[in-house]
file protein_36.cif (mmCIF, C-alpha atoms)
data_protein
#
loop_
_atom_site.label_atom_id
_atom_site.label_comp_id
_atom_site.auth_asym_id
_atom_site.auth_seq_id
_atom_site.Cartn_x
_atom_site.Cartn_y
_atom_site.Cartn_z
CA MET T 1 -4.62 13.65 9.23
CA ASN T 2 -2.40 16.48 10.35
CA THR T 3 1.03 14.91 10.32
CA PRO T 4 2.83 15.03 6.98
CA GLY T 5 4.30 12.00 5.35
CA ARG T 6 7.96 12.00 4.42
CA ALA T 7 10.26 10.41 1.94
CA GLY T 8 12.33 7.60 3.35
CA GLY T 9 15.69 6.15 2.43
CA PRO T 10 18.17 3.42 3.20
CA ALA T 11 19.80 4.81 6.35
CA GLY T 12 16.92 6.95 7.49
CA GLN T 13 17.82 9.57 4.94
CA GLY T 14 15.38 10.79 2.31
CA PRO T 15 16.11 10.59 -1.41
CA ASP T 16 16.79 13.70 -3.44
CA GLU T 17 13.12 14.66 -3.43
CA PRO T 18 11.13 17.27 -1.55
CA ALA T 19 9.73 15.87 1.69
CA ALA T 20 6.20 14.56 1.27
CA THR T 21 3.81 17.08 2.76
CA ARG T 22 0.09 17.16 3.39
CA ALA T 23 -1.50 19.66 1.05
CA ALA T 24 -5.01 20.81 0.22
CA ALA T 25 -4.10 22.00 -3.24
CA PRO T 26 -6.55 21.37 -6.09
CA PRO T 27 -6.02 18.23 -8.18
CA ALA T 28 -2.93 18.38 -10.36
CA ALA T 29 -3.59 18.58 -14.07
CA SER T 30 -0.91 16.10 -15.11
CA GLY T 31 -3.07 13.01 -14.74
CA ARG T 32 -0.39 11.36 -12.59
CA LEU T 33 -0.18 10.55 -8.91
CA TRP T 34 1.79 8.50 -6.43
CA TYR T 35 0.05 5.28 -5.46
CA VAL T 36 1.26 4.54 -1.93
CA ALA T 37 1.47 0.81 -1.19
CA TYR T 38 1.91 -0.50 2.36
CA GLY T 39 0.81 -4.14 1.92
CA SER T 40 1.76 -6.83 -0.57
CA ASN T 41 2.11 -4.21 -3.33
CA LEU T 42 5.28 -3.09 -1.58
CA HIS T 43 6.76 -5.89 -3.70
CA ALA T 44 7.11 -4.59 -7.25
CA ALA T 45 6.67 -8.08 -8.70
CA ARG T 46 3.33 -8.41 -6.95
CA LEU T 47 2.18 -4.97 -8.18
CA ALA T 48 3.14 -6.03 -11.71
CA CYS T 49 0.33 -8.61 -11.63
CA TYR T 50 -2.16 -5.77 -11.19
CA LEU T 51 -0.56 -3.84 -14.03
CA THR T 52 0.05 -6.53 -16.64
CA GLY T 53 -2.20 -9.33 -15.37
CA GLY T 54 -1.39 -12.68 -13.83
CA ALA T 55 -1.19 -14.33 -10.43
CA PRO T 56 1.41 -13.37 -7.82
CA ALA T 57 3.53 -16.03 -6.17
CA GLY T 58 1.46 -17.69 -3.44
CA GLY T 59 -1.75 -15.95 -4.50
CA ALA T 60 -4.92 -17.76 -5.53
CA MET T 61 -6.32 -15.25 -8.02
CA VAL T 62 -5.38 -14.28 -11.57
CA HIS T 63 -5.72 -10.53 -12.13
CA PRO T 64 -6.85 -9.09 -15.48
CA GLY T 65 -4.37 -6.20 -15.35
CA CYS T 66 -4.71 -2.51 -16.17
CA ARG T 67 -5.80 -0.89 -19.41
CA ASP T 68 -2.31 0.58 -19.52
CA PRO T 69 0.16 -2.11 -18.42
CA SER T 70 3.15 0.23 -18.43
CA PRO T 71 5.45 -0.05 -15.41
CA PRO T 72 5.53 2.81 -12.89
CA GLU T 73 7.54 5.82 -14.03
CA ARG T 74 9.35 5.83 -10.69
CA ASN T 75 9.10 4.36 -7.23
CA LEU T 76 10.40 5.71 -3.95
CA PRO T 77 10.47 4.55 -0.32
CA VAL T 78 8.23 6.69 1.89
CA VAL T 79 7.14 6.76 5.52
CA ILE T 80 3.60 7.87 6.31
CA PRO T 81 1.95 8.61 9.65
CA GLY T 82 -0.41 5.92 10.90
CA ARG T 83 -0.32 2.19 11.57
CA LEU T 84 -0.15 -1.00 9.54
CA TYR T 85 -2.36 -3.83 10.82
CA PHE T 86 -3.80 -7.14 9.60
CA ALA T 87 -7.49 -8.00 9.66
CA THR T 88 -10.24 -9.90 7.80
CA HIS T 89 -9.55 -13.18 6.00
CA SER T 90 -8.41 -13.10 2.38
CA PRO T 91 -9.37 -16.05 0.18
CA ARG T 92 -6.51 -15.00 -2.11
CA TRP T 93 -3.87 -15.50 0.54
CA GLY T 94 -5.41 -17.66 3.26
CA GLY T 95 -4.89 -15.14 6.06
CA GLY T 96 -5.25 -11.55 7.20
CA ARG T 97 -5.06 -8.60 4.83
CA ALA T 98 -2.89 -5.53 5.36
CA PHE T 99 -4.72 -2.31 6.19
CA TYR T 100 -3.60 1.19 7.08
CA ASP T 101 -5.13 3.34 9.82
CA PRO T 102 -4.01 6.94 9.28
CA ALA T 103 -5.45 7.99 12.66
CA ALA T 104 -3.48 5.47 14.72
CA PRO T 105 -0.22 6.53 16.37
CA GLY T 106 2.95 5.35 14.70
CA GLU T 107 4.56 5.29 11.28
CA THR T 108 4.05 3.03 8.29
CA ALA T 109 6.80 2.11 5.87
CA ALA T 110 5.45 2.27 2.33
CA ARG T 111 6.42 2.53 -1.31
CA ALA T 112 5.20 5.26 -3.65
CA TYR T 113 4.71 4.34 -7.31
CA LEU T 114 4.27 7.06 -9.91
CA LEU T 115 1.29 6.01 -12.04
CA SER T 116 -1.39 7.47 -14.25
CA ARG T 117 -4.76 8.03 -12.63
CA ALA T 118 -6.25 5.44 -14.97
CA GLN T 119 -3.75 2.87 -13.71
CA PHE T 120 -4.54 3.77 -10.11
CA SER T 121 -8.27 3.39 -10.84
CA ASP T 122 -7.71 -0.05 -12.34
CA ILE T 123 -5.56 -1.20 -9.42
CA ALA T 124 -8.21 -0.02 -6.94
CA ALA T 125 -10.86 -1.94 -8.88
CA GLN T 126 -8.84 -5.16 -8.80
CA GLU T 127 -8.24 -4.76 -5.06
CA MET T 128 -12.03 -4.99 -4.68
CA TYR T 129 -12.43 -7.92 -7.13
CA ARG T 130 -14.01 -5.61 -9.72
CA GLU T 131 -13.29 -5.43 -13.41
CA PRO T 132 -10.90 -2.58 -14.29
CA GLY T 133 -11.81 -0.05 -16.96
CA ARG T 134 -13.54 2.86 -15.24
CA ASP T 135 -11.75 6.00 -14.09
CA LEU T 136 -12.44 6.95 -10.49
CA ASP T 137 -13.48 10.47 -9.57
CA LEU T 138 -10.58 11.50 -7.34
CA THR T 139 -11.76 15.07 -6.70
CA GLU T 140 -12.88 14.45 -3.12
CA VAL T 141 -9.79 12.59 -1.94
CA LEU T 142 -7.44 15.10 -3.58
CA THR T 143 -9.18 18.12 -2.08
CA ALA T 144 -10.59 16.83 1.22
CA GLY T 145 -7.96 14.18 1.93
CA ARG T 146 -10.37 11.25 2.20
CA ALA T 147 -13.14 9.71 0.11
CA ALA T 148 -15.37 6.70 0.74
CA LEU T 149 -16.17 5.10 -2.61
CA GLY T 150 -18.17 2.34 -0.91
CA PRO T 151 -18.26 0.13 2.20
CA GLY T 152 -15.67 -2.36 0.95
CA ARG T 153 -12.38 -3.16 2.61
CA TYR T 154 -10.30 -1.11 0.16
CA ASP T 155 -12.99 1.35 -0.92
CA THR T 156 -11.68 4.22 1.21
CA LEU T 157 -9.11 6.47 -0.42
CA VAL T 158 -6.76 8.56 1.71
CA ARG T 159 -4.42 11.27 0.56
CA VAL T 160 -1.27 10.90 2.63
CA GLY T 161 0.77 13.79 1.27
CA THR T 162 2.39 15.39 -1.75
CA LEU T 163 5.68 14.33 -3.33
CA ALA T 164 7.46 16.19 -6.12
CA GLY T 165 4.33 18.28 -6.62
CA LEU T 166 2.00 15.30 -7.13
CA PRO T 167 -0.56 13.82 -4.73
CA MET T 168 0.08 10.63 -2.77
CA VAL T 169 -2.98 8.40 -2.42
CA THR T 170 -3.59 5.00 -0.86
CA CYS T 171 -6.51 2.60 -0.39
CA THR T 172 -7.67 1.22 2.94
CA ALA T 173 -10.72 0.15 4.94
CA PRO T 174 -13.37 2.53 6.31
CA TRP T 175 -12.86 1.31 9.88
CA HIS T 176 -10.07 1.89 12.43
CA LEU T 177 -7.79 -0.86 13.64
CA HIS T 178 -9.50 -1.08 17.07
CA GLU T 179 -12.89 -1.59 15.39
CA VAL T 180 -12.08 -4.93 13.74
CA ALA T 181 -10.73 -8.25 14.97
CA PRO T 182 -7.10 -8.90 14.09
CA CYS T 183 -6.31 -11.75 11.71
CA ALA T 184 -2.86 -13.23 11.22
CA PRO T 185 -1.44 -12.99 7.70
CA SER T 186 -0.22 -16.03 5.78
CA ALA T 187 3.41 -16.82 5.06
CA ALA T 188 2.95 -16.20 1.33
CA TYR T 189 1.46 -12.79 2.01
CA LEU T 190 4.16 -11.77 4.49
CA TYR T 191 6.79 -12.81 1.97
CA HIS T 192 5.64 -10.08 -0.40
CA LEU T 193 5.59 -7.43 2.34
CA ALA T 194 9.02 -8.36 3.66
CA THR T 195 10.56 -8.59 0.20
CA GLY T 196 9.07 -5.23 -0.77
CA LEU T 197 10.36 -3.55 2.38
CA MET T 198 13.84 -4.93 1.81
CA ASP T 199 13.86 -3.82 -1.80
CA ALA T 200 12.30 -0.37 -1.36
CA HIS T 201 13.81 0.68 1.97
CA ARG T 202 17.03 -1.33 1.72
CA TRP T 203 16.25 -3.05 5.02
CA ASP T 204 17.78 -6.37 5.93
CA ALA T 205 15.57 -9.37 6.70
CA ALA T 206 15.82 -8.85 10.46
CA ARG T 207 14.59 -5.25 10.29
CA ALA T 208 11.72 -6.10 7.94
CA ALA T 209 10.73 -8.99 10.21
CA ARG T 210 10.84 -6.82 13.33
CA TYR T 211 8.58 -4.22 11.71
CA LEU T 212 6.03 -6.76 10.47
CA ALA T 213 6.00 -8.89 13.64
CA SER T 214 5.03 -5.81 15.67
CA ALA T 215 1.96 -5.02 13.55
CA PRO T 216 -1.45 -5.81 15.09
CA GLY T 217 -2.69 -9.08 13.65
CA ALA T 218 0.81 -10.45 13.13
CA ALA T 219 1.93 -9.76 16.72
CA GLY T 220 1.49 -12.85 18.87
CA HIS T 221 1.18 -15.11 15.82
CA TRP T 222 4.42 -14.48 13.96
CA THR T 223 7.90 -14.18 15.46
CA GLU T 224 10.71 -12.12 14.02
CA PRO T 225 12.79 -15.23 13.21
CA GLY T 226 9.76 -16.83 11.56
CA ILE T 227 9.22 -13.88 9.24
CA ALA T 228 12.93 -13.44 8.54
CA ALA T 229 13.11 -17.08 7.47
CA LEU T 230 10.57 -16.42 4.71
CA VAL T 231 13.06 -14.24 2.86
CA SER T 232 16.47 -15.21 4.24
CA ALA T 233 16.58 -18.44 2.26
CA GLU T 234 16.66 -16.59 -1.07
#
call {"tool": "encode", "arguments": {"input": "protein_36.cif", "output": "structure tokens"}}
result
Amino acid sequence: MNTPGRAGGPAGQGPDEPAATRAAAPPAASGRLWYVAYGSNLHAARLACYLTGGAPAGGAMVHPGCRDPSPPERNLPVVIPGRLYFATHSPRWGGGRAFYDPAAPGETAARAYLLSRAQFSDIAAQEMYREPGRDLDLTEVLTAGRAALGPGRYDTLVRVGTLAGLPMVTCTAPWHLHEVAPCAPSAAYLYHLATGLMDAHRWDAARAARYLASAPGAAGHWTEPGIAALVSAE
């Protein structure tokens, strides 16, 4: 991944932060990083279920939560190079899951949460239906930019940049978007993505719907008005 990520803001302007840049610096000693969410964890209320435990609205699973349930220190809108797509069927949501292909052309709207590495480890475990409680070895992803922890759908870690001197890391699948069949996401799942985009990036419902309806897996199954209706009634 050669293209740097960047901080994003309401009108296309970045916040008062250094632009996110790809860096091969050694792991920071602070024990903190930016967890970059591009799927349902864009919605802070959904992420809170991973942190404190509980079931998100529309979800079919109760999460145990993190060892440290503290909320993120900060969160910022970011834009990272690569493509959002939907594939594989989630029993939690009844439809396709969100994945991120850093090698695909395009840009992905995301949200960076400042967390401890222990919290990130526990969130990654819950994404794979594992019990939280074990710290991940992040050396490879922080130095090489990518690490495969296993063959699972969210077992691949990718470093997507550096923000305010701390690494930005996300979880995705080991495959590329053209290597897996698309699968349309459910309404409940799209609600969390759309709500998170509107909250983090200050987009209106129409812009969030346009972005999501164009993603592989959703395209051809969901219309912009259909997605906008999921959040416009609130």
call {"tool": "resolve_selection", "arguments": {"input": "protein_36.cif", "expression": "the PyMOL selection byres ((chain T and resi 227) around 12)", "output": "number ranges by chain"}}
result
T: 185-195, 204-214, 218-219, 221-226, 228-233
call {"tool": "atom_distance", "arguments": {"input": "protein_36.cif", "atom1": "atom CA of T:Pro64", "atom2": "atom CA of T:Tyr113"}}
result
19.5 Å
call {"tool": "resolve_selection", "arguments": {"input": "protein_36.cif", "expression": "the PyMOL selection byres ((chain T and resi 37) around 7)", "output": "PyMOL selection string"}}
result
chain T and resi 35-36+38-39+41-42+110-112+170
call {"tool": "resolve_selection", "arguments": {"input": "protein_36.cif", "expression": "the PyMOL selection byres ((chain T and resi 181) around 12)", "output": "list in words"}}
result
Tyr85, Phe86, Ala87, Thr88, His89, Gly96, Arg97, Trp175, His176, Leu177, His178, Glu179, Val180, Pro182, Cys183, Ala184, Pro216, Gly217 and Ala218 of chain T
call {"tool": "residues_around", "arguments": {"input": "protein_36.cif", "residues": "stretch 130-138 of chain T", "least_positions_apart": "5", "cutoff": "6 Å", "atoms": "all atoms listed in the file", "output": "list in words"}}
result
Ala118, Ser121, Asp122 and Ala125 of chain T
call {"tool": "closest_residue", "arguments": {"input": "protein_36.cif", "among": "T:Thr172, T:Ser40, T:Gln119, T:Ser90", "to": "T:Leu149", "atoms": "all atoms listed in the file"}}
result
T:Thr172
call {"tool": "atom_distance", "arguments": {"input": "protein_36.cif", "atom1": "atom CA of T:Leu84", "atom2": "atom CA of T:Tyr100"}}
result
4.8 Å
call {"tool": "atom_distance", "arguments": {"input": "protein_36.cif", "atom1": "atom CA of T:Leu142", "atom2": "atom CA of T:Val158"}}
result
8.4 Å
call {"tool": "residues_around", "arguments": {"input": "protein_36.cif", "residues": "T:Cys171", "least_positions_apart": "2", "cutoff": "6 Å", "atoms": "only C-alpha atoms", "output": "list in words"}}
result
Tyr154, Thr156 and Leu157 of chain T
call {"tool": "closest_residue", "arguments": {"input": "protein_36.cif", "among": "T:Gly152, T:Pro167, T:Gly54, T:Gly82", "to": "T:Gly106", "atoms": "only C-alpha atoms"}}
result
T:Gly82
call {"tool": "residues_around", "arguments": {"input": "protein_36.cif", "residues": "T:Gly65", "least_positions_apart": "2", "cutoff": "10 Å", "atoms": "all atoms listed in the file", "output": "list in words"}}
result
Leu47, Ala48, Cys49, Tyr50, Leu51, Thr52, Gly53, Gly54, Val62, His63, Arg67, Asp68, Pro69, Gln119, Asp122, Ile123, Gln126, Glu131, Pro132 and Gly133 of chain T
call {"tool": "closest_residue", "arguments": {"input": "protein_36.cif", "among": "T:Ala173, T:Ala215, T:Leu115, T:Leu33", "to": "T:Ala148", "atoms": "only C-alpha atoms"}}
result
T:Ala173
call {"tool": "decode", "arguments": {"input": "protein_36.cif", "residues": "stretch 151-181 of chain T", "atoms": "N, CA, C and O atoms", "output": "compact mmCIF listing (two decimals), in the first residue's frame"}}
result
# COMPACT_ATOMS: atom_id res chain seq x y z
N PRO T 151 -6.58 -17.51 8.97
CA PRO T 151 -7.30 -17.49 7.70
C PRO T 151 -8.67 -16.85 7.77
O PRO T 151 -9.37 -16.74 6.76
N GLY T 152 -9.09 -16.44 8.96
CA GLY T 152 -10.45 -15.94 9.16
C GLY T 152 -10.74 -14.63 8.45
O GLY T 152 -9.84 -13.91 8.01
N ARG T 153 -12.02 -14.30 8.41
CA ARG T 153 -12.47 -13.15 7.61
C ARG T 153 -11.97 -11.81 8.13
O ARG T 153 -11.86 -10.87 7.37
N TYR T 154 -11.69 -11.70 9.43
CA TYR T 154 -11.12 -10.46 9.96
C TYR T 154 -9.79 -10.72 10.65
O TYR T 154 -9.40 -9.98 11.56
N ASP T 155 -9.09 -11.74 10.21
CA ASP T 155 -7.80 -12.10 10.82
C ASP T 155 -6.60 -11.41 10.19
O ASP T 155 -5.47 -11.64 10.61
N THR T 156 -6.82 -10.60 9.17
CA THR T 156 -5.73 -9.88 8.52
C THR T 156 -5.72 -8.43 9.00
O THR T 156 -6.72 -7.72 8.88
N LEU T 157 -4.59 -8.03 9.57
CA LEU T 157 -4.43 -6.66 10.04
C LEU T 157 -3.67 -5.86 9.00
O LEU T 157 -2.70 -6.34 8.41
N VAL T 158 -4.10 -4.63 8.78
CA VAL T 158 -3.46 -3.74 7.82
C VAL T 158 -3.21 -2.40 8.48
O VAL T 158 -4.11 -1.82 9.10
N ARG T 159 -1.98 -1.95 8.37
CA ARG T 159 -1.67 -0.59 8.82
C ARG T 159 -1.96 0.37 7.68
O ARG T 159 -1.39 0.24 6.59
N VAL T 160 -2.84 1.33 7.91
CA VAL T 160 -3.28 2.21 6.84
C VAL T 160 -2.69 3.62 6.95
O VAL T 160 -3.00 4.48 6.13
N GLY T 161 -1.84 3.84 7.93
CA GLY T 161 -1.20 5.15 8.03
C GLY T 161 -0.78 5.46 9.45
O GLY T 161 -0.72 4.59 10.32
N THR T 162 -0.48 6.73 9.66
CA THR T 162 -0.08 7.25 10.96
C THR T 162 -0.83 8.56 11.18
O THR T 162 -0.95 9.37 10.26
N LEU T 163 -1.36 8.75 12.36
CA LEU T 163 -2.11 9.96 12.67
C LEU T 163 -1.68 10.45 14.04
O LEU T 163 -1.68 9.70 15.01
N ALA T 164 -1.26 11.72 14.10
CA ALA T 164 -0.80 12.31 15.36
C ALA T 164 0.29 11.46 16.01
O ALA T 164 0.36 11.33 17.23
N GLY T 165 1.14 10.88 15.17
CA GLY T 165 2.28 10.12 15.66
C GLY T 165 1.98 8.70 16.08
O GLY T 165 2.89 7.99 16.54
N LEU T 166 0.74 8.24 15.91
CA LEU T 166 0.36 6.90 16.33
C LEU T 166 -0.13 6.10 15.13
O LEU T 166 -0.74 6.65 14.20
N PRO T 167 0.10 4.78 15.14
CA PRO T 167 -0.28 3.96 13.99
C PRO T 167 -1.78 3.81 13.85
O PRO T 167 -2.52 3.81 14.84
N MET T 168 -2.23 3.66 12.61
CA MET T 168 -3.63 3.42 12.26
C MET T 168 -3.73 1.99 11.74
O MET T 168 -3.07 1.64 10.76
N VAL T 169 -4.57 1.18 12.36
CA VAL T 169 -4.65 -0.23 12.01
C VAL T 169 -6.11 -0.63 11.85
O VAL T 169 -6.98 -0.17 12.60
N THR T 170 -6.39 -1.49 10.87
CA THR T 170 -7.72 -2.02 10.68
C THR T 170 -7.66 -3.52 10.50
O THR T 170 -6.58 -4.10 10.35
N CYS T 171 -8.82 -4.16 10.52
CA CYS T 171 -8.95 -5.60 10.32
C CYS T 171 -9.75 -5.86 9.04
O CYS T 171 -10.75 -5.20 8.79
N THR T 172 -9.33 -6.84 8.27
CA THR T 172 -10.08 -7.20 7.07
C THR T 172 -9.82 -8.66 6.72
O THR T 172 -9.20 -9.39 7.48
N ALA T 173 -10.28 -9.06 5.55
CA ALA T 173 -10.13 -10.44 5.10
C ALA T 173 -8.81 -10.62 4.35
O ALA T 173 -8.23 -9.65 3.84
N PRO T 174 -8.33 -11.87 4.22
CA PRO T 174 -7.08 -12.10 3.52
C PRO T 174 -7.21 -12.03 2.00
O PRO T 174 -6.21 -11.95 1.30
N TRP T 175 -8.44 -12.07 1.50
CA TRP T 175 -8.65 -12.07 0.05
C TRP T 175 -8.90 -10.66 -0.48
O TRP T 175 -9.07 -9.72 0.29
N HIS T 176 -8.92 -10.53 -1.81
CA HIS T 176 -9.27 -9.28 -2.48
C HIS T 176 -10.73 -9.33 -2.92
O HIS T 176 -11.32 -10.42 -3.02
N LEU T 177 -11.29 -8.17 -3.19
CA LEU T 177 -12.73 -8.13 -3.46
C LEU T 177 -13.13 -8.93 -4.69
O LEU T 177 -14.24 -9.46 -4.76
N HIS T 178 -12.22 -9.07 -5.69
CA HIS T 178 -12.57 -9.83 -6.89
C HIS T 178 -12.42 -11.34 -6.70
O HIS T 178 -12.73 -12.11 -7.60
N GLU T 179 -11.96 -11.74 -5.51
CA GLU T 179 -11.73 -13.16 -5.25
C GLU T 179 -12.87 -13.80 -4.46
O GLU T 179 -12.80 -14.99 -4.12
N VAL T 180 -13.92 -13.06 -4.17
CA VAL T 180 -15.02 -13.57 -3.36
C VAL T 180 -16.33 -13.07 -3.93
O VAL T 180 -16.40 -11.97 -4.49
N ALA T 181 -17.37 -13.89 -3.81
CA ALA T 181 -18.68 -13.49 -4.34
C ALA T 181 -19.28 -12.38 -3.49
O ALA T 181 -19.20 -12.41 -2.25
